Amino acid sequence: MVRLNVNIDHVATVRQARRAQEPSVVAAAVIADLAGADGITVHLRGDRRHIQDQDVRLLRGIIKTHLNVEMAATDEMIDIARDIRPDAVTLVPERAEEITTEGGLDVLSAAGVLRRAVKQLKSAEILTSIFVDPEPDQISEAAEIGAEQIEICTSKYSSLTEPGSHAGIGEIESELDRILDCCRIAEGARIQVAAGHGLTYRNVGRIAELDYIEELNIGHNIIARATFVGLERAVAEMIASIAGFPFGLK
Ligand code: PXP
């Protein structure tokens, strides 16, 4: 089955709203793990708006499944990753004013910087993933510069499928085809495929059933639901949705 990494940035967002001690990201990671998550993802942003360096250090100490850290390909971040050694690093674009990551990296125009970052991460035995839009050229270039995984940005698919979207079935299907084509290119280049951004209990099923997608990174919708039903149940229900039984554990 497709693996689920639970992104727990929002837990840190609540904590940082008061610069307080709670809620604990370590507790969140443990609960997600107990609920069946395959891994934990956090984004260490340059502005440290939610996850802090110490969070990543503590998480590294307790997560025995899979710790994936999203970061920009800056010298500062690569040094931190090489020191803390998460299982995987996902290189993402970062803009100070953005609310969340807005799309994939332009691997073609940043090839030099990314190639160097990938090399440095690999030499520390960290799996390197690059967050890309579902565009064939970007996938091929990610493979060319040595990434071991791509994470396909699903935000367009997500916005097309959200309640209130006026997208027709044809538009949704063509976005899914575009993603599948990119999965095939990655498979041909022998790199692993992850996907994520904007996925929900409602729309994850169609992405999870695409061939070649091995891993999903999902945060907002899980943590949003967790505020009402608790994190353990929210994670378990997302796992059920990925398996094709939405809300199967209700
Ligand atoms: N993948 C990447 C690269 C991201 O930056 C994010 C958001 O932090 C996610 C996946 C998860 O997106 P969401 O919180 O919308 O599920």
# chains A, B, ... in the order shown; residues from 1 in each chain; ligands from 1

$ residues_around --residues "Ser174 (chain A)" --least-positions-apart "6" --cutoff "12 Å" --atoms "only C-alpha atoms" --output "PyMOL selection string"
chain A and resi 134+156-157+160+167-168+180-181

$ write_last_selection --atoms "all heavy atoms" --output "PDB file, in the first residue's frame"
ATOM      1  N   PRO A 134       3.886  18.552 -11.934  1.00  0.00           N
ATOM      2  CA  PRO A 134       3.808  17.417 -12.874  1.00  0.00           C
ATOM      3  C   PRO A 134       4.117  17.823 -14.309  1.00  0.00           C
ATOM      4  O   PRO A 134       3.229  17.919 -15.160  1.00  0.00           O
ATOM      5  CB  PRO A 134       2.359  16.912 -12.707  1.00  0.00           C
ATOM      6  CG  PRO A 134       1.602  18.032 -12.106  1.00  0.00           C
ATOM      7  CD  PRO A 134       2.570  18.905 -11.372  1.00  0.00           C
ATOM      8  N   LYS A 156      -2.693  21.405  -7.979  1.00  0.00           N
ATOM      9  CA  LYS A 156      -3.675  21.712  -9.030  1.00  0.00           C
ATOM     10  C   LYS A 156      -4.818  20.686  -8.978  1.00  0.00           C
ATOM     11  O   LYS A 156      -6.001  21.053  -9.000  1.00  0.00           O
ATOM     12  CB  LYS A 156      -3.017  21.716 -10.412  1.00  0.00           C
ATOM     13  CG  LYS A 156      -4.032  22.014 -11.487  1.00  0.00           C
ATOM     14  CD  LYS A 156      -3.459  22.391 -12.817  1.00  0.00           C
ATOM     15  CE  LYS A 156      -4.601  22.655 -13.811  1.00  0.00           C
ATOM     16  NZ  LYS A 156      -4.216  22.346 -15.187  1.00  0.00           N
ATOM     17  N   TYR A 157      -4.455  19.398  -8.895  1.00  0.00           N
ATOM     18  CA  TYR A 157      -5.489  18.351  -8.775  1.00  0.00           C
ATOM     19  C   TYR A 157      -6.379  18.645  -7.564  1.00  0.00           C
ATOM     20  O   TYR A 157      -7.610  18.547  -7.641  1.00  0.00           O
ATOM     21  CB  TYR A 157      -4.813  16.978  -8.638  1.00  0.00           C
ATOM     22  CG  TYR A 157      -5.736  15.898  -8.117  1.00  0.00           C
ATOM     23  CD1 TYR A 157      -6.667  15.294  -8.966  1.00  0.00           C
ATOM     24  CD2 TYR A 157      -5.692  15.500  -6.780  1.00  0.00           C
ATOM     25  CE1 TYR A 157      -7.534  14.319  -8.472  1.00  0.00           C
ATOM     26  CE2 TYR A 157      -6.547  14.527  -6.296  1.00  0.00           C
ATOM     27  CZ  TYR A 157      -7.466  13.940  -7.149  1.00  0.00           C
ATOM     28  OH  TYR A 157      -8.327  12.980  -6.668  1.00  0.00           O
ATOM     29  N   LEU A 160      -8.768  21.471  -8.189  1.00  0.00           N
ATOM     30  CA  LEU A 160      -9.826  21.084  -9.138  1.00  0.00           C
ATOM     31  C   LEU A 160     -10.903  20.231  -8.468  1.00  0.00           C
ATOM     32  O   LEU A 160     -12.062  20.247  -8.866  1.00  0.00           O
ATOM     33  CB  LEU A 160      -9.235  20.286 -10.313  1.00  0.00           C
ATOM     34  CG  LEU A 160      -8.310  21.038 -11.280  1.00  0.00           C
ATOM     35  CD1 LEU A 160      -7.692  20.073 -12.281  1.00  0.00           C
ATOM     36  CD2 LEU A 160      -9.073  22.136 -12.010  1.00  0.00           C
ATOM     37  N   ALA A 167     -14.648  22.714 -11.774  1.00  0.00           N
ATOM     38  CA  ALA A 167     -13.943  21.909 -12.777  1.00  0.00           C
ATOM     39  C   ALA A 167     -14.811  20.734 -13.204  1.00  0.00           C
ATOM     40  O   ALA A 167     -15.495  20.124 -12.385  1.00  0.00           O
ATOM     41  CB  ALA A 167     -12.631  21.399 -12.197  1.00  0.00           C
ATOM     42  N   GLY A 168     -14.757  20.421 -14.489  1.00  0.00           N
ATOM     43  CA  GLY A 168     -15.484  19.249 -14.997  1.00  0.00           C
ATOM     44  C   GLY A 168     -14.650  17.997 -14.807  1.00  0.00           C
ATOM     45  O   GLY A 168     -13.448  18.073 -14.522  1.00  0.00           O
ATOM     46  N   LEU A 180       0.097  10.916 -13.952  1.00  0.00           N
ATOM     47  CA  LEU A 180       0.489   9.535 -14.280  1.00  0.00           C
ATOM     48  C   LEU A 180       1.622   9.515 -15.311  1.00  0.00           C
ATOM     49  O   LEU A 180       2.571   8.726 -15.191  1.00  0.00           O
ATOM     50  CB  LEU A 180      -0.728   8.743 -14.777  1.00  0.00           C
ATOM     51  CG  LEU A 180      -0.479   7.264 -15.075  1.00  0.00           C
ATOM     52  CD1 LEU A 180       0.048   6.524 -13.840  1.00  0.00           C
ATOM     53  CD2 LEU A 180      -1.758   6.585 -15.573  1.00  0.00           C
ATOM     54  N   ASP A 181       1.548  10.380 -16.305  1.00  0.00           N
ATOM     55  CA  ASP A 181       2.632  10.444 -17.300  1.00  0.00           C
ATOM     56  C   ASP A 181       3.964  10.742 -16.615  1.00  0.00           C
ATOM     57  O   ASP A 181       5.003  10.165 -16.945  1.00  0.00           O
ATOM     58  CB  ASP A 181       2.365  11.560 -18.329  1.00  0.00           C
ATOM     59  CG  ASP A 181       1.290  11.144 -19.326  1.00  0.00           C
ATOM     60  OD1 ASP A 181       0.950   9.950 -19.367  1.00  0.00           O
ATOM     61  OD2 ASP A 181       0.779  12.043 -20.031  1.00  0.00           O
TER      62      ASP A 181
END

$ residues_around --residues "Ile126 (chain A)" --least-positions-apart "6" --cutoff "10 Å" --atoms "only C-alpha atoms" --output "CSV table (one decimal) with C-alpha atoms, in the first residue's frame"
chain,number,residue,atom,x,y,z
A,68,ASN,CA,11.4,13.4,5.9
A,81,ALA,CA,20.4,18.2,7.4
A,82,ARG,CA,23.9,16.7,7.2
A,85,ARG,CA,20.6,13.2,9.3
A,86,PRO,CA,16.9,12.7,8.6
A,87,ASP,CA,16.0,9.7,6.5
A,88,ALA,CA,15.0,11.9,3.6
A,89,VAL,CA,15.2,15.5,2.6
A,118,VAL,CA,21.8,16.5,-3.8
A,119,LYS,CA,25.4,15.5,-3.9
A,120,GLN,CA,26.0,16.8,-0.4
A,148,GLU,CA,16.5,9.5,-5.8

$ closest_atom_pairs --of "chain A" --to "ligand 1" --cutoff "8 Å" --atoms "only C-alpha atoms and all ligand atoms" --output "tab-separated table"
residue	atom	partner	partner_atom_place_in_ligand_line	distance
A:Asn7	CA	ligand 1	11 (C)	6.2
A:Asp9	CA	ligand 1	8 (O)	7.0
A:Val42	CA	ligand 1	8 (O)	7.2
A:His43	CA	ligand 1	8 (O)	6.1
A:Glu70	CA	ligand 1	3 (C)	6.4
A:Thr90	CA	ligand 1	3 (C)	6.8
A:Leu91	CA	ligand 1	3 (C)	7.6
A:Val92	CA	ligand 1	3 (C)	5.9
A:Thr100	CA	ligand 1	7 (C)	6.1
A:Thr101	CA	ligand 1	5 (O)	4.7
A:Glu102	CA	ligand 1	5 (O)	7.8
A:Gly104	CA	ligand 1	3 (C)	7.6
A:Phe131	CA	ligand 1	3 (C)	5.5
A:Glu151	CA	ligand 1	3 (C)	6.9
A:Cys153	CA	ligand 1	1 (N)	6.9
A:Ser155	CA	ligand 1	15 (O)	7.6
A:Ala195	CA	ligand 1	1 (N)	7.0
A:Gly196	CA	ligand 1	10 (C)	4.3
A:His197	CA	ligand 1	12 (O)	3.5
A:Gly198	CA	ligand 1	15 (O)	3.5
A:Leu199	CA	ligand 1	16 (O)	5.3
A:Thr200	CA	ligand 1	16 (O)	7.3
A:Leu216	CA	ligand 1	10 (C)	7.7
A:Asn217	CA	ligand 1	10 (C)	4.7
A:Ile218	CA	ligand 1	16 (O)	3.6
A:Gly219	CA	ligand 1	14 (O)	3.6
A:His220	CA	ligand 1	14 (O)	3.7
A:Asn221	CA	ligand 1	16 (O)	6.0
A:Ile222	CA	ligand 1	16 (O)	7.5

$ residues_around --residues "region 50-61 of chain A" --least-positions-apart "2" --cutoff "10 Å" --atoms "only C-alpha atoms" --output "PyMOL selection string"
chain A and resi 8-17+19+24-27+29-30+40-48+63-64+66-69+77+80-81+83-87

$ closest_residue --among "A:Gln149, A:Ala194, A:Glu141, A:Leu105" --to "Lys122 (chain A)" --atoms "only C-alpha atoms"
A:Gln149

$ closest_residue --among "A:Leu210, A:Ala147, A:Val204, A:Ala240" --to "Val107 (chain A)" --atoms "only C-alpha atoms"
A:Ala147

$ select_by_dssp --residues "region 80-143 of chain A" --states "strand (DSSP E)" --output "JSON, numbers by chain"
{"A": [88, 89, 90, 91, 127, 128, 129, 130, 131, 132]}

$ residues_around --residues "Gly230 (chain A)" --least-positions-apart "5" --cutoff "12 Å" --atoms "only C-alpha atoms" --output "ChimeraX atom specification"
/A:28,31-32,35,222-225,235-237

$ closest_residue --among "A:Gly36, A:Gly170, A:Gly112, A:Gly146" --to "Leu4 (chain A)" --atoms "only C-alpha atoms"
A:Gly36

$ atom_distance --atom1 "CA of Pro246 (chain A)" --atom2 "CA of Cys183 (chain A)"
24.1 Å

$ select_by_dssp --residues "region 89-243 of chain A" --states "helix (DSSP H, G or I)" --output "VMD selection string"
chain A and resid 111 to 123 136 to 144 155 to 161 169 to 188 204 to 208 220 to 229 231 to 242
